[in-house]
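Colleague: So I've got this file, work-v7.pdb, and it contains PDB, C-alpha atoms:
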```pdb
ATOM      1  CA  MET A 267     126.819  63.588  85.754
ATOM      2  CA  SER A 268     125.459  67.127  85.963
ATOM      3  CA  LEU A 269     125.988  69.532  83.095
ATOM      4  CA  GLN A 270     126.454  72.195  85.754
ATOM      5  CA  GLU A 271     129.550  70.360  87.036
ATOM      6  CA  THR A 272     131.038  70.295  83.552
ATOM      7  CA  VAL A 273     130.348  73.991  83.043
ATOM      8  CA  LEU A 274     131.747  74.772  86.493
ATOM      9  CA  MET A 275     135.036  73.037  85.742
ATOM     10  CA  GLN A 276     135.358  74.763  82.369
ATOM     11  CA  LEU A 277     134.759  78.202  83.879
ATOM     12  CA  ARG A 278     137.244  77.578  86.702
ATOM     13  CA  ASP A 279     139.826  76.586  84.123
ATOM     14  CA  LEU A 280     139.188  79.677  81.999
ATOM     15  CA  ILE A 281     139.724  81.884  85.055
ATOM     16  CA  LEU A 282     142.868  80.059  86.179
ATOM     17  CA  SER A 283     144.368  80.103  82.683
ATOM     18  CA  GLY A 284     143.839  83.869  82.425
ATOM     19  CA  VAL A 285     141.362  83.742  79.547
ATOM     20  CA  PHE A 286     138.983  85.613  81.856
ATOM     21  CA  PRO A 287     141.143  88.250  83.624
ATOM     22  CA  PRO A 288     140.254  90.124  86.836
ATOM     23  CA  GLY A 289     137.533  92.679  86.325
ATOM     24  CA  GLN A 290     136.035  90.954  83.286
ATOM     25  CA  HIS A 291     132.268  90.746  83.420
ATOM     26  CA  LEU A 292     130.785  87.302  82.836
ATOM     27  CA  ALA A 293     127.335  87.213  81.255
ATOM     28  CA  GLU A 294     125.158  84.116  81.151
ATOM     29  CA  GLN A 295     124.168  84.326  77.509
ATOM     30  CA  GLN A 296     127.689  84.801  76.138
ATOM     31  CA  LEU A 297     129.058  82.014  78.373
ATOM     32  CA  ALA A 298     126.278  79.664  77.346
ATOM     33  CA  GLN A 299     127.087  80.247  73.692
ATOM     34  CA  ARG A 300     130.817  79.777  74.271
ATOM     35  CA  LEU A 301     130.398  76.534  76.205
ATOM     36  CA  GLY A 302     127.553  75.119  74.154
ATOM     37  CA  ALA A 303     125.254  74.916  77.163
ATOM     38  CA  SER A 304     121.932  76.367  78.206
ATOM     39  CA  ARG A 305     121.758  79.333  80.550
ATOM     40  CA  THR A 306     120.483  77.265  83.491
ATOM     41  CA  PRO A 307     123.710  75.308  84.238
ATOM     42  CA  VAL A 308     125.764  78.429  83.484
ATOM     43  CA  ARG A 309     123.725  80.428  85.998
ATOM     44  CA  ALA A 310     124.174  77.731  88.655
ATOM     45  CA  ALA A 311     127.922  77.522  87.985
ATOM     46  CA  LEU A 312     128.264  81.293  88.309
ATOM     47  CA  VAL A 313     126.550  81.183  91.696
ATOM     48  CA  GLN A 314     128.988  78.473  92.801
ATOM     49  CA  LEU A 315     131.997  80.440  91.572
ATOM     50  CA  GLU A 316     130.811  83.485  93.498
ATOM     51  CA  GLN A 317     130.537  81.346  96.628
ATOM     52  CA  GLU A 318     134.096  80.099  96.022
ATOM     53  CA  GLY A 319     135.431  83.646  95.889
ATOM     54  CA  LEU A 320     136.353  83.593  92.194
ATOM     55  CA  LEU A 321     133.636  86.057  91.177
ATOM     56  CA  GLU A 322     132.248  89.145  92.846
ATOM     57  CA  ALA A 323     129.221  91.326  92.232
ATOM     58  CA  THR A 324     129.685  94.890  91.061
ATOM     59  CA  GLU A 325     127.607  97.836  92.232
ATOM     60  CA  THR A 326     125.359  97.285  89.221
ATOM     61  CA  GLY A 327     124.810  93.643  90.143
ATOM     62  CA  LYS A 328     126.961  92.183  87.369
ATOM     63  CA  LEU A 329     129.430  89.409  88.123
ATOM     64  CA  GLN A 330     133.103  89.935  87.418
ATOM     65  CA  VAL A 331     136.292  87.951  87.995
ATOM     66  CA  ARG A 332     137.753  88.783  91.398
ATOM     67  CA  PRO A 333     141.452  89.702  91.658
ATOM     68  CA  TYR A 334     143.564  87.362  93.781
ATOM     69  CA  THR A 335     147.181  86.377  94.213
ATOM     70  CA  ALA A 336     148.960  83.070  93.839
ATOM     71  CA  GLN A 337     149.998  83.342  97.490
ATOM     72  CA  GLU A 338     146.375  83.762  98.552
ATOM     73  CA  VAL A 339     145.471  80.516  96.775
ATOM     74  CA  CYS A 340     148.442  78.609  98.208
ATOM     75  CA  ASP A 341     147.672  79.809 101.729
ATOM     76  CA  ALA A 342     144.030  78.713 101.448
ATOM     77  CA  ILE A 343     145.047  75.274 100.168
ATOM     78  CA  ALA A 344     147.518  74.897 103.051
ATOM     79  CA  VAL A 345     144.830  75.790 105.594
ATOM     80  CA  ARG A 346     142.480  73.239 104.049
ATOM     81  CA  GLY A 347     145.182  70.596 104.382
ATOM     82  CA  HIS A 348     145.590  71.173 108.102
ATOM     83  CA  LEU A 349     141.836  71.264 108.696
ATOM     84  CA  GLU A 350     141.229  68.075 106.733
ATOM     85  CA  GLY A 351     144.166  66.456 108.507
ATOM     86  CA  MET A 352     142.473  67.112 111.827
ATOM     87  CA  ALA A 353     139.191  65.735 110.479
ATOM     88  CA  ALA A 354     140.898  62.548 109.281
ATOM     89  CA  ARG A 355     142.572  62.032 112.645
ATOM     90  CA  LEU A 356     139.235  62.391 114.454
ATOM     91  CA  VAL A 357     137.554  59.887 112.138
ATOM     92  CA  ALA A 358     140.355  57.367 112.650
ATOM     93  CA  GLU A 359     140.221  57.785 116.413
ATOM     94  CA  HIS A 360     136.420  57.530 116.561
ATOM     95  CA  GLY A 361     136.342  54.447 114.350
ATOM     96  CA  VAL A 362     134.941  54.013 110.856
ATOM     97  CA  SER A 363     131.399  52.670 110.619
ATOM     98  CA  ARG A 364     130.451  50.006 108.117
ATOM     99  CA  ALA A 365     128.327  52.525 106.232
ATOM    100  CA  LEU A 366     131.206  54.997 105.986
ATOM    101  CA  GLN A 367     133.573  52.258 104.844
ATOM    102  CA  GLY A 368     131.127  51.352 102.093
ATOM    103  CA  ASP A 369     130.732  54.947 100.958
ATOM    104  CA  LEU A 370     134.478  55.570 100.918
ATOM    105  CA  GLN A 371     135.100  52.330  99.034
ATOM    106  CA  ALA A 372     132.541  53.350  96.433
ATOM    107  CA  CYS A 373     134.512  56.574  95.907
ATOM    108  CA  LEU A 374     137.759  54.631  95.570
ATOM    109  CA  ASP A 375     136.188  52.257  93.040
ATOM    110  CA  GLU A 376     134.768  55.127  90.994
ATOM    111  CA  GLY A 377     138.117  56.907  90.948
ATOM    112  CA  ASP A 378     139.893  53.714  89.892
ATOM    113  CA  ARG A 379     137.430  53.299  87.032
ATOM    114  CA  LEU A 380     137.789  56.860  85.792
ATOM    115  CA  LEU A 381     141.583  56.905  86.001
ATOM    116  CA  GLY A 382     141.959  53.492  84.369
ATOM    117  CA  THR A 383     141.742  55.096  80.937
ATOM    118  CA  GLN A 384     144.568  56.484  78.831
ATOM    119  CA  ALA A 385     143.025  59.943  78.538
ATOM    120  CA  LEU A 386     140.458  62.128  80.255
ATOM    121  CA  ASP A 387     137.871  64.339  78.590
ATOM    122  CA  ILE A 388     135.876  67.113  80.236
ATOM    123  CA  ASP A 389     133.097  64.727  81.252
ATOM    124  CA  SER A 390     135.610  62.420  82.954
ATOM    125  CA  TYR A 391     137.110  65.378  84.802
ATOM    126  CA  ALA A 392     133.658  66.397  85.999
ATOM    127  CA  ASP A 393     132.885  62.854  87.145
ATOM    128  CA  TYR A 394     136.173  62.648  89.010
ATOM    129  CA  ALA A 395     135.562  66.041  90.626
ATOM    130  CA  ARG A 396     132.153  64.912  91.853
ATOM    131  CA  MET A 397     133.687  61.752  93.328
ATOM    132  CA  ASN A 398     136.531  63.730  94.886
ATOM    133  CA  ASP A 399     134.162  66.233  96.488
ATOM    134  CA  ARG A 400     132.105  63.389  97.946
ATOM    135  CA  PHE A 401     135.194  61.624  99.300
ATOM    136  CA  HIS A 402     136.359  64.723 101.161
ATOM    137  CA  ALA A 403     132.842  65.553 102.350
ATOM    138  CA  LEU A 404     132.348  62.062 103.800
ATOM    139  CA  ILE A 405     135.417  62.391 106.007
ATOM    140  CA  LEU A 406     134.521  65.905 107.081
ATOM    141  CA  GLN A 407     130.950  64.918 107.925
ATOM    142  CA  ALA A 408     132.130  61.891 109.913
ATOM    143  CA  CYS A 409     134.604  63.818 112.073
ATOM    144  CA  GLY A 410     131.814  65.058 114.344
ATOM    145  CA  ASN A 411     133.414  68.463 114.977
ATOM    146  CA  ARG A 412     131.029  71.221 113.917
ATOM    147  CA  ALA A 413     133.531  74.011 114.498
ATOM    148  CA  LEU A 414     135.955  72.246 112.184
ATOM    149  CA  GLN A 415     133.245  71.767 109.576
ATOM    150  CA  ARG A 416     132.389  75.476 109.710
ATOM    151  CA  ALA A 417     136.064  76.382 109.367
ATOM    152  CA  VAL A 418     136.376  74.274 106.210
ATOM    153  CA  ALA A 419     133.201  75.812 104.785
ATOM    154  CA  GLN A 420     134.581  79.303 105.434
ATOM    155  CA  ASN A 421     137.940  78.457 103.881
ATOM    156  CA  ASP A 422     136.176  77.068 100.818
ATOM    157  CA  ARG A 423     134.974  80.583 100.067
ATOM    158  CA  LEU A 424     138.540  81.550  99.108
ATOM    159  CA  PRO A 425     139.745  81.240  95.481
ATOM    160  CA  PHE A 426     140.601  77.679  94.445
ATOM    161  CA  ALA A 427     140.441  76.402  98.049
ATOM    162  CA  PRO A 428     137.706  73.703  97.646
ATOM    163  CA  ALA A 429     138.850  70.112  97.278
ATOM    164  CA  SER A 430     138.310  69.805  93.516
ATOM    165  CA  ALA A 431     139.013  73.400  92.496
ATOM    166  CA  MET A 432     142.645  72.747  91.528
ATOM    167  CA  LEU A 433     142.220  69.603  89.463
ATOM    168  CA  PRO A 434     144.671  69.920  86.549
ATOM    169  CA  MET A 435     142.938  70.911  83.313
ATOM    170  CA  GLN A 436     145.357  73.256  81.616
ATOM    171  CA  GLY A 437     146.860  70.828  79.106
ATOM    172  CA  THR A 438     149.753  68.319  79.183
ATOM    173  CA  LEU A 439     147.213  65.618  79.872
ATOM    174  CA  ASP A 440     149.721  62.808  80.420
ATOM    175  CA  LYS A 441     151.306  64.699  83.293
ATOM    176  CA  ASP A 442     147.897  65.694  84.614
ATOM    177  CA  LEU A 443     146.678  62.112  84.596
ATOM    178  CA  ASP A 444     149.797  60.986  86.474
ATOM    179  CA  TRP A 445     149.171  63.579  89.181
ATOM    180  CA  MET A 446     145.523  62.583  89.480
ATOM    181  CA  ARG A 447     146.471  58.921  89.805
ATOM    182  CA  TYR A 448     148.988  59.827  92.490
ATOM    183  CA  ALA A 449     146.325  61.800  94.356
ATOM    184  CA  HIS A 450     143.917  58.888  94.130
ATOM    185  CA  ARG A 451     146.560  56.510  95.510
ATOM    186  CA  GLN A 452     146.692  58.868  98.458
ATOM    187  CA  HIS A 453     142.918  58.404  98.806
ATOM    188  CA  HIS A 454     143.509  54.654  99.052
ATOM    189  CA  MET A 455     146.231  55.076 101.674
ATOM    190  CA  LEU A 456     144.071  57.471 103.672
ATOM    191  CA  VAL A 457     141.142  55.060 103.747
ATOM    192  CA  ASP A 458     143.502  52.302 104.884
ATOM    193  CA  ALA A 459     144.740  54.481 107.760
ATOM    194  CA  LEU A 460     141.172  55.341 108.747
ATOM    195  CA  ARG A 461     140.135  51.690 108.801
ATOM    196  CA  ARG A 462     143.139  50.776 110.938
ATOM    197  CA  GLY A 463     142.434  53.587 113.390
ATOM    198  CA  GLU A 464     145.828  55.154 112.743
ATOM    199  CA  GLY A 465     145.069  58.756 113.634
ATOM    200  CA  ALA A 466     148.540  60.260 113.228
ATOM    201  CA  ARG A 467     149.063  58.549 109.873
ATOM    202  CA  ALA A 468     145.634  59.613 108.632
ATOM    203  CA  GLN A 469     146.309  63.207 109.647
ATOM    204  CA  ALA A 470     149.679  63.243 107.892
ATOM    205  CA  LEU A 471     148.236  61.721 104.711
ATOM    206  CA  ALA A 472     145.313  64.153 104.549
ATOM    207  CA  THR A 473     147.620  67.125 105.071
ATOM    208  CA  GLU A 474     150.129  65.904 102.492
ATOM    209  CA  HIS A 475     147.298  65.266 100.043
ATOM    210  CA  THR A 476     146.893  69.002  99.419
ATOM    211  CA  GLU A 477     150.430  69.165  98.009
ATOM    212  CA  VAL A 478     148.911  67.850  94.772
ATOM    213  CA  ALA A 479     146.746  70.977  94.603
ATOM    214  CA  GLN A 480     149.803  73.122  95.289
ATOM    215  CA  MET A 481     151.662  71.368  92.478
ATOM    216  CA  ASN A 482     148.725  71.897  90.123
ATOM    217  CA  MET A 483     148.860  75.588  90.974
ATOM    218  CA  ARG A 484     152.545  75.757  90.100
ATOM    219  CA  LEU A 485     151.980  73.842  86.855
ATOM    220  CA  ALA A 486     149.165  76.189  85.864
ATOM    221  CA  LEU A 487     151.415  79.203  86.363
ATOM    222  CA  GLU A 488     154.213  77.597  84.350
ATOM    223  CA  ARG A 489     151.848  76.794  81.504
ATOM    224  CA  ARG A 490     150.544  80.321  81.380
ATOM    225  CA  SER A 491     154.088  81.614  81.101
ATOM    226  CA  GLU A 492     154.925  79.108  78.399
ATOM    227  CA  SER A 493     151.846  79.993  76.359
ATOM    228  CA  GLN A 494     152.326  83.751  76.972
ATOM    229  CA  ALA A 495     148.714  83.921  78.047
ATOM    230  CA  VAL A 496     150.278  85.475  81.082
ATOM    231  CA  LEU A 497     149.040  86.638  83.773
ATOM    232  CA  PRO A 498     146.426  89.006  84.783
ATOM    233  CA  ALA A 499     144.187  86.436  86.469
ATOM    234  CA  ILE A 500     146.872  85.677  89.046
ATOM    235  CA  ARG A 501     148.992  88.591  90.253
ATOM    236  CA  LEU A 502     152.252  87.113  91.494
ATOM    237  CA  VAL A 503     153.572  88.629  94.701
ATOM    238  CA  VAL A 504     157.257  89.517  94.528
ATOM    239  CA  GLY A 505     159.262  89.789  97.726
TER     240      GLY A 505
END
```
Go through the file and emit its structure as structure tokens.

Modeller:
Amino acid sequence: MSLQETVLMQLRDLILSGVFPPGQHLAEQQLAQRLGASRTPVRAALVQLEQEGLLEATETGKLQVRPYTAQEVCDAIAVRGHLEGMAARLVAEHGVSRALQGDLQACLDEGDRLLGTQALDIDSYADYARMNDRFHALILQACGNRALQRAVAQNDRLPFAPASAMLPMQGTLDKDLDWMRYAHRQHHMLVDALRRGEGARAQALATEHTEVAQMNMRLALERRSESQAVLPAIRLVVG
């Protein structure tokens, strides 16, 4: 497991929870001290967050949290669902190679191992995120459609659009673990559809899979309201 992945997940969570509001500058040294990490993984995580559209550079070159709306996040997640649904259908129709089956099964086994515990810590979250990113990347790479791959890459530059960006980390761990287990059961069903060459079923499962991310978004907003750590990081659109 990479320390950068752990730092990345922690910083995403701090932005989503509103601890770091829009316009706040994020400096390597202060973040490293807060997270108990060296500046190297913090620097790499900041670069990744900028690529994901969560941070933006100011005129002076400093990085700050980028304003965004809840609707913007939900729209990006929905687009990813339709794109990944198309990719899954193409993979099912083309046929799954033995190598791809092995790689996907390794992801399923790793997810089963991680979610077989009664609780998750930050390292477990980071391990699951790495597995989840690989699972989604394997299907996208195998679809053979470069235009589709470019579209997913472009969409991933929007806030919280990447596959693992909305993993639940804002508390209520029992509920979070249930949602993650549900999502991983969907991984199992999707792999089954791919192996059977069931294109329509694979497409529907991959599209539906993003509803977990949408639910995590709603839960995060509810938790912020409950904790009164409300709100500036996500500006709700009314009407």

Colleague: What does the distance from CA of Arg461 in chain A to CA of Asp378 in chain A come to in Å, to one decimal?

Modeller: 19.0 Å

Colleague: Evaluate the PyMOL selection byres ((chain A and resi 469-484) around 10) and record the selected residues as a PyMOL selection string, following the chain and residue labels used in the document.

Modeller: chain A and resi 282+336+339-341+343-358+402+426-436+442+445-446+448-453+455-457+459-460+464-468+485-489

Colleague: Can you work out which one of A:Val331, A:Leu269, A:Leu321, A:Leu280 has the shortest atom-to-atom distance to Pro307 in chain A, counting only C-alpha atoms?

Modeller: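 Using only C-alpha atoms, Pro307 in chain A sits closest to A:Leu269.
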
Colleague: Could you tell me which residues the PyMOL selection byres ((chain A and resi 412-424) around 6) grabs in this file, written as a PyMOL selection string?

Modeller: chain A and resi 317-319+411+425+427-428

Colleague: Which is closer to Asp369 in chain A than all the others in A:Val273, A:Ala293, A:Ile281, A:Ala408, using only C-alpha atoms?

Modeller: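 Looking only at the distances to Asp369 in chain A, the closest residue turns out to be A:Ala408.
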
Colleague: Nearest to Ser304 in chain A: which of A:Gly327, A:Leu320, A:Gln290, A:Gln270 is it, counting only C-alpha atoms?

Modeller: A:Gln270

Colleague: Neighbourhood query: residues within 8 Å of (138.4, 62.8, 88.0), file coordinates, counting all atoms listed in the file; return as a ChimeraX atom specification.

Modeller: /A:377,380-381,390-398,433,446

Colleague: Nearest to Gly302 in chain A: which of A:Thr326, A:Gln337, A:Gln276, A:Gln384 is it, counting only C-alpha atoms?

Modeller: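 The shortest atom-to-atom distance to Gly302 in chain A comes from A:Gln276.
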
Colleague: Using CA of Gly289 in chain A and CA of Thr324 in chain A as the two end points, give the distance in Å to one decimal.

Modeller: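 It comes out at 9.4 Å.
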
Colleague: Edge lengths and centre in Å to one decimal, as AutoDock Vina command-line options, of the axis-aligned box that encloses all listed atoms of range 383-393 of chain A with 6 Å added on every side?

Modeller:
```
--center_x 138.7 --center_y 61.1 --center_z 82.8 --size_x 23.7 --size_y 24.0 --size_z 20.6
```

Colleague: Hey, which of A:Arg332, A:Arg305, A:His291, A:Arg447 ends up closest to Ala385 in chain A? Count only C-alpha atoms.

Modeller: A:Arg447

Colleague: Measuring between only C-alpha atoms, which one of A:Ala311, A:Leu292, A:Leu443, A:Cys373 shows the shortest distance to Leu386 in chain A?

Modeller: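 Of A:Ala311, A:Leu292, A:Leu443, A:Cys373, the one nearest Leu386 in chain A, counting only C-alpha atoms, is A:Leu443.
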
Colleague: In Å to one decimal, how far is CA of Leu370 in chain A from CA of Phe401 in chain A?

Modeller: 6.3 Å

Colleague: Complete range 295-326 of chain A with N, CA and C atoms (output as a PDB file, in the coordinates of the input).

Modeller:
```
ATOM      1  N   GLN A 295     124.456  84.659  78.900  1.00  0.00           N
ATOM      2  CA  GLN A 295     124.168  84.326  77.509  1.00  0.00           C
ATOM      3  C   GLN A 295     125.449  84.075  76.716  1.00  0.00           C
ATOM      4  N   GLN A 296     126.435  84.961  76.872  1.00  0.00           N
ATOM      5  CA  GLN A 296     127.689  84.801  76.138  1.00  0.00           C
ATOM      6  C   GLN A 296     128.423  83.525  76.574  1.00  0.00           C
ATOM      7  N   LEU A 297     128.400  83.231  77.881  1.00  0.00           N
ATOM      8  CA  LEU A 297     129.058  82.014  78.373  1.00  0.00           C
ATOM      9  C   LEU A 297     128.350  80.775  77.859  1.00  0.00           C
ATOM     10  N   ALA A 298     127.036  80.811  77.846  1.00  0.00           N
ATOM     11  CA  ALA A 298     126.278  79.664  77.346  1.00  0.00           C
ATOM     12  C   ALA A 298     126.618  79.383  75.889  1.00  0.00           C
ATOM     13  N   GLN A 299     126.731  80.433  75.094  1.00  0.00           N
ATOM     14  CA  GLN A 299     127.087  80.247  73.692  1.00  0.00           C
ATOM     15  C   GLN A 299     128.505  79.702  73.549  1.00  0.00           C
ATOM     16  N   ARG A 300     129.422  80.216  74.350  1.00  0.00           N
ATOM     17  CA  ARG A 300     130.817  79.777  74.271  1.00  0.00           C
ATOM     18  C   ARG A 300     130.978  78.315  74.652  1.00  0.00           C
ATOM     19  N   LEU A 301     130.242  77.885  75.678  1.00  0.00           N
ATOM     20  CA  LEU A 301     130.398  76.534  76.205  1.00  0.00           C
ATOM     21  C   LEU A 301     129.412  75.545  75.589  1.00  0.00           C
ATOM     22  N   GLY A 302     128.526  76.013  74.765  1.00  0.00           N
ATOM     23  CA  GLY A 302     127.553  75.119  74.154  1.00  0.00           C
ATOM     24  C   GLY A 302     126.572  74.541  75.157  1.00  0.00           C
ATOM     25  N   ALA A 303     126.169  75.358  76.113  1.00  0.00           N
ATOM     26  CA  ALA A 303     125.254  74.916  77.163  1.00  0.00           C
ATOM     27  C   ALA A 303     124.082  75.880  77.249  1.00  0.00           C
ATOM     28  N   SER A 304     123.044  75.465  77.967  1.00  0.00           N
ATOM     29  CA  SER A 304     121.932  76.367  78.206  1.00  0.00           C
ATOM     30  C   SER A 304     122.291  77.324  79.332  1.00  0.00           C
ATOM     31  N   ARG A 305     121.462  78.331  79.530  1.00  0.00           N
ATOM     32  CA  ARG A 305     121.758  79.333  80.550  1.00  0.00           C
ATOM     33  C   ARG A 305     121.579  78.793  81.961  1.00  0.00           C
ATOM     34  N   THR A 306     120.756  77.766  82.137  1.00  0.00           N
ATOM     35  CA  THR A 306     120.483  77.265  83.491  1.00  0.00           C
ATOM     36  C   THR A 306     121.729  76.715  84.175  1.00  0.00           C
ATOM     37  N   PRO A 307     122.488  75.775  83.571  1.00  0.00           N
ATOM     38  CA  PRO A 307     123.710  75.308  84.238  1.00  0.00           C
ATOM     39  C   PRO A 307     124.770  76.393  84.355  1.00  0.00           C
ATOM     40  N   VAL A 308     124.808  77.320  83.396  1.00  0.00           N
ATOM     41  CA  VAL A 308     125.764  78.429  83.484  1.00  0.00           C
ATOM     42  C   VAL A 308     125.428  79.301  84.687  1.00  0.00           C
ATOM     43  N   ARG A 309     124.142  79.594  84.866  1.00  0.00           N
ATOM     44  CA  ARG A 309     123.725  80.428  85.998  1.00  0.00           C
ATOM     45  C   ARG A 309     124.102  79.761  87.323  1.00  0.00           C
ATOM     46  N   ALA A 310     123.845  78.453  87.420  1.00  0.00           N
ATOM     47  CA  ALA A 310     124.174  77.731  88.655  1.00  0.00           C
ATOM     48  C   ALA A 310     125.685  77.714  88.898  1.00  0.00           C
ATOM     49  N   ALA A 311     126.464  77.537  87.835  1.00  0.00           N
ATOM     50  CA  ALA A 311     127.922  77.522  87.985  1.00  0.00           C
ATOM     51  C   ALA A 311     128.438  78.892  88.421  1.00  0.00           C
ATOM     52  N   LEU A 312     127.851  79.957  87.910  1.00  0.00           N
ATOM     53  CA  LEU A 312     128.264  81.293  88.309  1.00  0.00           C
ATOM     54  C   LEU A 312     127.986  81.540  89.790  1.00  0.00           C
ATOM     55  N   VAL A 313     126.861  81.062  90.270  1.00  0.00           N
ATOM     56  CA  VAL A 313     126.550  81.183  91.696  1.00  0.00           C
ATOM     57  C   VAL A 313     127.608  80.451  92.529  1.00  0.00           C
ATOM     58  N   GLN A 314     127.978  79.247  92.088  1.00  0.00           N
ATOM     59  CA  GLN A 314     128.988  78.473  92.801  1.00  0.00           C
ATOM     60  C   GLN A 314     130.339  79.180  92.792  1.00  0.00           C
ATOM     61  N   LEU A 315     130.712  79.744  91.668  1.00  0.00           N
ATOM     62  CA  LEU A 315     131.997  80.440  91.572  1.00  0.00           C
ATOM     63  C   LEU A 315     132.017  81.691  92.454  1.00  0.00           C
ATOM     64  N   GLU A 316     130.880  82.344  92.589  1.00  0.00           N
ATOM     65  CA  GLU A 316     130.811  83.485  93.498  1.00  0.00           C
ATOM     66  C   GLU A 316     131.000  83.014  94.941  1.00  0.00           C
ATOM     67  N   GLN A 317     130.385  81.895  95.285  1.00  0.00           N
ATOM     68  CA  GLN A 317     130.537  81.346  96.628  1.00  0.00           C
ATOM     69  C   GLN A 317     131.980  80.927  96.910  1.00  0.00           C
ATOM     70  N   GLU A 318     132.707  80.516  95.871  1.00  0.00           N
ATOM     71  CA  GLU A 318     134.096  80.099  96.022  1.00  0.00           C
ATOM     72  C   GLU A 318     135.071  81.276  96.012  1.00  0.00           C
ATOM     73  N   GLY A 319     134.565  82.485  95.856  1.00  0.00           N
ATOM     74  CA  GLY A 319     135.431  83.646  95.889  1.00  0.00           C
ATOM     75  C   GLY A 319     136.131  83.959  94.589  1.00  0.00           C
ATOM     76  N   LEU A 320     135.731  83.320  93.485  1.00  0.00           N
ATOM     77  CA  LEU A 320     136.353  83.593  92.194  1.00  0.00           C
ATOM     78  C   LEU A 320     135.646  84.727  91.447  1.00  0.00           C
ATOM     79  N   LEU A 321     134.399  84.965  91.774  1.00  0.00           N
ATOM     80  CA  LEU A 321     133.636  86.057  91.177  1.00  0.00           C
ATOM     81  C   LEU A 321     133.120  86.970  92.274  1.00  0.00           C
ATOM     82  N   GLU A 322     132.843  88.199  91.905  1.00  0.00           N
ATOM     83  CA  GLU A 322     132.248  89.145  92.846  1.00  0.00           C
ATOM     84  C   GLU A 322     131.244  90.006  92.106  1.00  0.00           C
ATOM     85  N   ALA A 323     130.255  90.482  92.829  1.00  0.00           N
ATOM     86  CA  ALA A 323     129.221  91.326  92.232  1.00  0.00           C
ATOM     87  C   ALA A 323     129.662  92.780  92.235  1.00  0.00           C
ATOM     88  N   THR A 324     129.396  93.467  91.134  1.00  0.00           N
ATOM     89  CA  THR A 324     129.685  94.890  91.061  1.00  0.00           C
ATOM     90  C   THR A 324     128.518  95.674  91.654  1.00  0.00           C
ATOM     91  N   GLU A 325     128.675  96.991  91.704  1.00  0.00           N
ATOM     92  CA  GLU A 325     127.607  97.836  92.232  1.00  0.00           C
ATOM     93  C   GLU A 325     126.349  97.745  91.387  1.00  0.00           C
ATOM     94  N   THR A 326     126.519  97.406  90.115  1.00  0.00           N
ATOM     95  CA  THR A 326     125.359  97.285  89.221  1.00  0.00           C
ATOM     96  C   THR A 326     124.755  95.882  89.247  1.00  0.00           C
TER      97      THR A 326
END
```
